[in-house]
Amino acid sequence: MNLRLFLFLLLLVTFCFSQESQESKKYTLDVNQFYGSIILHNPDISHLITSHPGGLILSYNRKTYGLEEWEQLYKYPDVGYSFIYQDMNNETLGKNYSLYAHYNFYFFKRNVQLRVGQGIAYTTNPYDKESNFRNNAYGSDFLSSTYLMFNYHKENMVAGLGVKAGISIIHYSNANFRAPNTSTNTLALNLGLVYDLDGGNELEYIYREKEKVSEPVKYNLVVRTGINESDVIDQGQYGFVVASMYADKRLGRKSAIQLGTDVFFSNFLKELIRYQSIAFPEKNVAADTDYKRVGLFVGHELFINKMSIISQLGYYVYYPFDFEGRLYNRIGIKRYFGDKVFGSVTLKSHGAKAEAVEFGVGIRL
């Protein structure tokens with residue numbers, strides 16, 4: 001996919017938004033300029049921190065008023081879409097263009113806003129072993145991106161126009177889809193304007209009695225898959241499969257706790273084991289070492305409408321080959337289709353070191 005196709009998709013999404021806004025007046029637009037610094041989370045990217053990146057954040061938000069139960073439960077958040085242009089102000093890193101879906105959560109009488117966005121980014125100057133070998137942060141044209149904003153947020157100060165200001169964190173990584181993948185995190189200050197497309201007219205919030213949720217223990221089966229690569233550049237991309245089984249127990253309307261097991265069939269480890277057995281004989285790695293791993297994990301699920309956010313912490317109980325340590329973690333989103341079937345997109349990592357993006361399907365019984 002090239003830049004022209006990317007821009008076309010951006011225009012298409014923008015057109016869809018404009019069509020939707022004709023059907024409902026409770027939408028806002030905001031624009032923010034930001035300026036900051038790349039955080040030195042890994043000494044391997046120290047040569048890339050030469051200047052201060054900056055850019056623009058454009059956002060389209062739909063306000064909620066309690067038409068669905070979850071909206072009141074989370075204090076009437078906004079749902080929306082964002083576009084970020086970021087100039088890294090570094091010839092090696094280039095520029096990034098990103099699209100996100102996001103939630104805006106409000107605190108302190110809706111004067112403080114926390115935004116959580118997840119999306120995909122296109123970078124103009126990724127790693128190339130001949131023309132851009134210094135860029136060990138971005139190993140592919142397309143990256144996964146997450147951003148957070150924590151802002152003072154004041155709407156409708158003058159005829160629907162308001163202001164917002166605060167701090168933002170923007171993360172780019174391809175989650176070891178292709179090496180190298182050191183990633184970057186930008187910590188920035190942002191300042192912007194917010195405009196209510198209805199001129200500031202407010203609707204009444206809907207209040208209802210909170211319903212109690214009580215469920216027996218549920219059992220989940222999940223199969224996850226994807227493609228990833230080891231940190232050895234040009235070693236090749238390989239498919240993987242993760243089979244998971246776990247039990248969960250609802251603690252209320254928002255949360256559930258989990259306990260389960262994962263079995264990992266990570267084919268990139270086959271090649272990494274073979275490579276280390278030949279290239280690093282001092283490590284005493286046998287070429288026939290088993291590449292499979294088995295882990296036990298505890299987790300938490302936060303329910304938001306038909307979507308939920310999952311976080312899990314695991315420990316390998318079967319671990320024949322040492323790769324990034326025995327502890328692992330997983331974070332991601334689930335989307336329910338009915339009461340039992342769900343899909344998921346999760347990031348599996350060891351601390352801050354990503355191993356793979358996992359695409360899964362599962363059933364909750």
# chains A, B, ... in the order shown; residues from 1 in each chain; ligands from 1

$ residues_around --residues "Gly295 of chain A" --least-positions-apart "5" --cutoff "10 Å" --atoms "only C-alpha atoms" --output "PDB file with N, CA, C and O atoms, in the first residue's frame"
ATOM      1  N   SER A 244      -5.551 -21.149  23.785  1.00  0.00           N
ATOM      2  CA  SER A 244      -5.754 -20.713  25.162  1.00  0.00           C
ATOM      3  C   SER A 244      -7.072 -21.239  25.700  1.00  0.00           C
ATOM      4  O   SER A 244      -8.066 -21.334  24.974  1.00  0.00           O
ATOM      5  N   GLY A 260      -6.071 -18.997  33.528  1.00  0.00           N
ATOM      6  CA  GLY A 260      -6.034 -19.939  32.424  1.00  0.00           C
ATOM      7  C   GLY A 260      -4.641 -20.340  32.000  1.00  0.00           C
ATOM      8  O   GLY A 260      -3.649 -20.083  32.699  1.00  0.00           O
ATOM      9  N   THR A 261      -4.576 -20.968  30.830  1.00  0.00           N
ATOM     10  CA  THR A 261      -3.321 -21.477  30.296  1.00  0.00           C
ATOM     11  C   THR A 261      -3.214 -21.188  28.802  1.00  0.00           C
ATOM     12  O   THR A 261      -4.227 -21.132  28.094  1.00  0.00           O
ATOM     13  N   ASP A 262      -1.984 -20.970  28.326  1.00  0.00           N
ATOM     14  CA  ASP A 262      -1.676 -20.761  26.910  1.00  0.00           C
ATOM     15  C   ASP A 262      -0.701 -21.839  26.453  1.00  0.00           C
ATOM     16  O   ASP A 262       0.223 -22.217  27.190  1.00  0.00           O
ATOM     17  N   VAL A 263      -0.872 -22.286  25.214  1.00  0.00           N
ATOM     18  CA  VAL A 263       0.121 -23.149  24.561  1.00  0.00           C
ATOM     19  C   VAL A 263       0.575 -22.425  23.302  1.00  0.00           C
ATOM     20  O   VAL A 263      -0.251 -22.100  22.439  1.00  0.00           O
ATOM     21  N   PHE A 264       1.881 -22.142  23.202  1.00  0.00           N
ATOM     22  CA  PHE A 264       2.436 -21.338  22.123  1.00  0.00           C
ATOM     23  C   PHE A 264       3.169 -22.223  21.118  1.00  0.00           C
ATOM     24  O   PHE A 264       4.064 -22.997  21.487  1.00  0.00           O
ATOM     25  N   LEU A 313      -1.249 -11.446  32.819  1.00  0.00           N
ATOM     26  CA  LEU A 313       0.141 -11.646  33.218  1.00  0.00           C
ATOM     27  C   LEU A 313       0.377 -13.139  33.342  1.00  0.00           C
ATOM     28  O   LEU A 313      -0.345 -13.824  34.076  1.00  0.00           O
ATOM     29  N   GLY A 314       1.398 -13.649  32.624  1.00  0.00           N
ATOM     30  CA  GLY A 314       1.622 -15.084  32.581  1.00  0.00           C
ATOM     31  C   GLY A 314       3.039 -15.485  32.954  1.00  0.00           C
ATOM     32  O   GLY A 314       3.963 -14.666  33.008  1.00  0.00           O
ATOM     33  N   TYR A 315       3.186 -16.789  33.189  1.00  0.00           N
ATOM     34  CA  TYR A 315       4.481 -17.375  33.543  1.00  0.00           C
ATOM     35  C   TYR A 315       4.601 -18.704  32.810  1.00  0.00           C
ATOM     36  O   TYR A 315       3.699 -19.549  32.874  1.00  0.00           O
ATOM     37  N   TYR A 316       5.740 -18.888  32.094  1.00  0.00           N
ATOM     38  CA  TYR A 316       5.961 -20.131  31.352  1.00  0.00           C
ATOM     39  C   TYR A 316       6.309 -21.254  32.325  1.00  0.00           C
ATOM     40  O   TYR A 316       7.309 -21.185  33.047  1.00  0.00           O
ATOM     41  N   VAL A 317       5.490 -22.300  32.317  1.00  0.00           N
ATOM     42  CA  VAL A 317       5.803 -23.475  33.132  1.00  0.00           C
ATOM     43  C   VAL A 317       6.534 -24.527  32.305  1.00  0.00           C
ATOM     44  O   VAL A 317       7.194 -25.419  32.871  1.00  0.00           O
ATOM     45  N   TYR A 318       6.414 -24.452  30.986  1.00  0.00           N
ATOM     46  CA  TYR A 318       7.232 -25.279  30.088  1.00  0.00           C
ATOM     47  C   TYR A 318       8.002 -24.318  29.202  1.00  0.00           C
ATOM     48  O   TYR A 318       7.408 -23.559  28.439  1.00  0.00           O
ATOM     49  N   TYR A 319       9.339 -24.341  29.303  1.00  0.00           N
ATOM     50  CA  TYR A 319      10.163 -23.268  28.749  1.00  0.00           C
ATOM     51  C   TYR A 319      11.536 -23.830  28.345  1.00  0.00           C
ATOM     52  O   TYR A 319      12.558 -23.529  28.962  1.00  0.00           O
ATOM     53  N   ARG A 326      10.854 -15.783  31.575  1.00  0.00           N
ATOM     54  CA  ARG A 326       9.667 -16.614  31.794  1.00  0.00           C
ATOM     55  C   ARG A 326       8.373 -15.819  31.945  1.00  0.00           C
ATOM     56  O   ARG A 326       7.286 -16.347  31.719  1.00  0.00           O
ATOM     57  N   LEU A 327       8.452 -14.571  32.354  1.00  0.00           N
ATOM     58  CA  LEU A 327       7.245 -13.763  32.516  1.00  0.00           C
ATOM     59  C   LEU A 327       6.808 -13.179  31.181  1.00  0.00           C
ATOM     60  O   LEU A 327       7.649 -12.732  30.387  1.00  0.00           O
ATOM     61  N   TYR A 328       5.501 -13.148  30.933  1.00  0.00           N
ATOM     62  CA  TYR A 328       4.978 -12.499  29.733  1.00  0.00           C
ATOM     63  C   TYR A 328       3.681 -11.787  30.080  1.00  0.00           C
ATOM     64  O   TYR A 328       3.043 -12.056  31.107  1.00  0.00           O
TER      65      TYR A 328
END

$ residues_around --residues "Asp196 of chain A" --least-positions-apart "2" --cutoff "9 Å" --atoms "only C-alpha atoms" --output "list in words"
Lys25, Lys26, Tyr27, Thr28, Leu29, Asp30, Glu155, Asn156, Ala159, Gly160, Leu161, Gly162, Val194, Asp198, Gly199, Gly200 and Asn201 of chain A

$ closest_atom_pairs --of "segment 127-156 of chain A" --to "segment 81-92 of chain A" --cutoff "9 Å" --atoms "only C-alpha atoms" --output "JSON lines"
{"residue": "A:Tyr127", "atom": "CA", "partner": "A:Thr92", "partner_atom": "CA", "distance": 8.6}
{"residue": "A:Asn132", "atom": "CA", "partner": "A:Thr92", "partner_atom": "CA", "distance": 6.7}
{"residue": "A:Phe133", "atom": "CA", "partner": "A:Thr92", "partner_atom": "CA", "distance": 8.7}
{"residue": "A:Arg134", "atom": "CA", "partner": "A:Thr92", "partner_atom": "CA", "distance": 6.7}
{"residue": "A:Asn135", "atom": "CA", "partner": "A:Thr92", "partner_atom": "CA", "distance": 5.8}

$ atom_distance --atom1 "atom CA of Asn220 of chain A" --atom2 "atom CA of Val294 of chain A"
17.1 Å

$ residues_around --residues "Val241 of chain A" --least-positions-apart "6" --cutoff "9 Å" --atoms "only C-alpha atoms" --output "MDAnalysis selection string"
chainID A and resid 223:226 263:267 358

$ select_by_dssp --residues "segment 43-97 of chain A" --states "helix (DSSP H, G or I)" --output "short mmCIF file (atom, residue, chain, number, x, y, z; two decimals) with C-alpha atoms, in the first residue's frame"
data_model
loop_
_atom_site.label_atom_id
_atom_site.label_comp_id
_atom_site.auth_asym_id
_atom_site.auth_seq_id
_atom_site.Cartn_x
_atom_site.Cartn_y
_atom_site.Cartn_z
CA PRO A 43 19.61 2.92 24.69
CA ASP A 44 19.59 1.43 21.18
CA ILE A 45 17.62 4.47 19.91
CA SER A 46 19.83 7.13 21.50
CA HIS A 47 21.25 8.05 18.06
CA LEU A 48 17.69 8.86 16.89
CA GLU A 69 -26.48 1.46 29.77
CA TRP A 70 -22.69 1.42 29.41
CA GLU A 71 -22.64 5.16 28.62
CA GLN A 72 -23.95 6.10 32.07
CA LEU A 73 -21.69 3.48 33.67
#

$ atom_distance --atom1 "atom CA of Asn185 of chain A" --atom2 "atom CA of Phe108 of chain A"
27.9 Å

$ closest_residue --among "A:Asn104, A:Asn329, A:Thr124, A:Asn181" --to "Ser230 of chain A" --atoms "only C-alpha atoms"
A:Asn181

$ residues_around --residues "Ile38 of chain A" --least-positions-apart "4" --cutoff "7 Å" --atoms "only C-alpha atoms" --output "ChimeraX atom specification"
/A:49,184-187

$ write_last_selection --atoms "all heavy atoms" --output "PDB file, in the first residue's frame"
ATOM      1  N   ILE A  49      17.523  10.324  18.818  1.00  0.00           N
ATOM      2  CA  ILE A  49      16.968  11.434  19.588  1.00  0.00           C
ATOM      3  C   ILE A  49      17.872  12.644  19.370  1.00  0.00           C
ATOM      4  O   ILE A  49      18.801  12.910  20.143  1.00  0.00           O
ATOM      5  CB  ILE A  49      16.852  11.068  21.073  1.00  0.00           C
ATOM      6  CG1 ILE A  49      16.021   9.795  21.233  1.00  0.00           C
ATOM      7  CG2 ILE A  49      16.218  12.209  21.862  1.00  0.00           C
ATOM      8  CD1 ILE A  49      15.905   9.308  22.663  1.00  0.00           C
ATOM      9  N   THR A 184       9.260   3.869  19.152  1.00  0.00           N
ATOM     10  CA  THR A 184       9.445   5.182  19.772  1.00  0.00           C
ATOM     11  C   THR A 184       8.230   5.545  20.603  1.00  0.00           C
ATOM     12  O   THR A 184       7.108   5.120  20.319  1.00  0.00           O
ATOM     13  CB  THR A 184       9.671   6.302  18.729  1.00  0.00           C
ATOM     14  OG1 THR A 184       8.499   6.449  17.915  1.00  0.00           O
ATOM     15  CG2 THR A 184      10.892   6.023  17.864  1.00  0.00           C
ATOM     16  N   ASN A 185       8.470   6.362  21.624  1.00  0.00           N
ATOM     17  CA  ASN A 185       7.422   6.951  22.455  1.00  0.00           C
ATOM     18  C   ASN A 185       7.688   8.442  22.536  1.00  0.00           C
ATOM     19  O   ASN A 185       8.772   8.862  22.963  1.00  0.00           O
ATOM     20  CB  ASN A 185       7.439   6.358  23.860  1.00  0.00           C
ATOM     21  CG  ASN A 185       7.182   4.869  23.868  1.00  0.00           C
ATOM     22  OD1 ASN A 185       6.095   4.414  23.545  1.00  0.00           O
ATOM     23  ND2 ASN A 185       8.193   4.095  24.232  1.00  0.00           N
ATOM     24  N   THR A 186       6.710   9.240  22.132  1.00  0.00           N
ATOM     25  CA  THR A 186       6.830  10.690  22.183  1.00  0.00           C
ATOM     26  C   THR A 186       5.999  11.233  23.337  1.00  0.00           C
ATOM     27  O   THR A 186       4.800  10.957  23.432  1.00  0.00           O
ATOM     28  CB  THR A 186       6.349  11.335  20.873  1.00  0.00           C
ATOM     29  OG1 THR A 186       7.126  10.836  19.781  1.00  0.00           O
ATOM     30  CG2 THR A 186       6.492  12.850  20.938  1.00  0.00           C
ATOM     31  N   LEU A 187       6.645  11.993  24.227  1.00  0.00           N
ATOM     32  CA  LEU A 187       5.963  12.705  25.294  1.00  0.00           C
ATOM     33  C   LEU A 187       5.877  14.163  24.884  1.00  0.00           C
ATOM     34  O   LEU A 187       6.896  14.798  24.611  1.00  0.00           O
ATOM     35  CB  LEU A 187       6.718  12.575  26.612  1.00  0.00           C
ATOM     36  CG  LEU A 187       6.133  13.338  27.813  1.00  0.00           C
ATOM     37  CD1 LEU A 187       4.755  12.790  28.174  1.00  0.00           C
ATOM     38  CD2 LEU A 187       7.075  13.244  29.008  1.00  0.00           C
TER      39      LEU A 187
END

$ select_by_dssp --residues "segment 188-243 of chain A" --states "strand (DSSP E or B)" --output "PyMOL selection string"
chain A and resi 188-196+218-228+238-243

$ write_last_selection --atoms "N, CA and C atoms" --output "CSV table (one decimal), in the first residue's frame"
chain,number,residue,atom,x,y,z
A,188,ALA,N,4.6,14.7,24.8
A,188,ALA,CA,4.5,16.0,24.2
A,188,ALA,C,3.5,16.9,25.0
A,189,LEU,N,3.6,18.2,24.9
A,189,LEU,CA,2.6,19.1,25.3
A,189,LEU,C,1.7,19.5,24.2
A,190,ASN,N,0.4,19.5,24.4
A,190,ASN,CA,-0.5,19.9,23.3
A,190,ASN,C,-1.4,21.0,23.8
A,191,LEU,N,-1.9,21.8,22.8
A,191,LEU,CA,-2.8,22.9,23.0
A,191,LEU,C,-3.7,23.0,21.8
A,192,GLY,N,-5.0,23.2,22.1
A,192,GLY,CA,-5.9,23.2,20.9
A,192,GLY,C,-7.2,23.8,21.2
A,193,LEU,N,-8.1,23.7,20.2
A,193,LEU,CA,-9.5,24.2,20.2
A,193,LEU,C,-10.5,23.0,20.0
A,194,VAL,N,-11.6,23.2,20.6
A,194,VAL,CA,-12.7,22.2,20.4
A,194,VAL,C,-14.0,23.0,20.0
A,195,TYR,N,-14.7,22.4,19.0
A,195,TYR,CA,-15.9,23.1,18.5
A,195,TYR,C,-17.0,22.2,18.5
A,196,ASP,N,-18.1,22.6,19.1
A,196,ASP,CA,-19.4,21.8,19.1
A,196,ASP,C,-20.1,22.2,17.8
A,218,LYS,N,-17.6,-18.7,33.8
A,218,LYS,CA,-17.6,-19.0,32.4
A,218,LYS,C,-16.3,-19.5,31.9
A,219,TYR,N,-16.4,-20.4,30.9
A,219,TYR,CA,-15.2,-21.0,30.3
A,219,TYR,C,-14.9,-20.5,28.9
A,220,ASN,N,-13.7,-20.2,28.6
A,220,ASN,CA,-13.4,-19.6,27.3
A,220,ASN,C,-12.3,-20.4,26.6
A,221,LEU,N,-12.6,-20.6,25.3
A,221,LEU,CA,-11.6,-21.2,24.4
A,221,LEU,C,-11.2,-20.2,23.3
A,222,VAL,N,-9.9,-20.0,23.1
A,222,VAL,CA,-9.5,-19.0,22.1
A,222,VAL,C,-8.3,-19.5,21.3
A,223,VAL,N,-8.4,-19.2,20.0
A,223,VAL,CA,-7.3,-19.5,19.1
A,223,VAL,C,-6.8,-18.2,18.5
A,224,ARG,N,-5.5,-18.0,18.7
A,224,ARG,CA,-4.9,-16.7,18.2
A,224,ARG,C,-3.8,-17.1,17.2
A,225,THR,N,-3.6,-16.2,16.2
A,225,THR,CA,-2.6,-16.4,15.2
A,225,THR,C,-2.1,-15.1,14.7
A,226,GLY,N,-1.0,-15.1,13.9
A,226,GLY,CA,-0.4,-14.0,13.3
A,226,GLY,C,0.9,-14.3,12.7
A,227,ILE,N,1.7,-13.3,12.4
A,227,ILE,CA,3.0,-13.4,11.8
A,227,ILE,C,4.0,-12.5,12.6
A,228,ASN,N,5.2,-13.1,12.8
A,228,ASN,CA,6.2,-12.2,13.5
A,228,ASN,C,7.6,-12.7,13.1
A,238,TYR,N,7.4,-15.6,10.2
A,238,TYR,CA,6.9,-16.9,10.4
A,238,TYR,C,5.5,-16.8,11.1
A,239,GLY,N,4.6,-17.7,10.7
A,239,GLY,CA,3.3,-17.8,11.4
A,239,GLY,C,3.4,-18.4,12.7
A,240,PHE,N,2.4,-18.1,13.6
A,240,PHE,CA,2.4,-18.7,14.9
A,240,PHE,C,0.9,-19.0,15.2
A,241,VAL,N,0.7,-19.9,16.2
A,241,VAL,CA,-0.6,-20.2,16.7
A,241,VAL,C,-0.5,-20.3,18.2
A,242,VAL,N,-1.5,-19.7,18.9
A,242,VAL,CA,-1.6,-19.8,20.4
A,242,VAL,C,-3.0,-20.4,20.7
A,243,ALA,N,-3.0,-21.5,21.5
A,243,ALA,CA,-4.3,-22.1,21.9
A,243,ALA,C,-4.4,-21.7,23.4
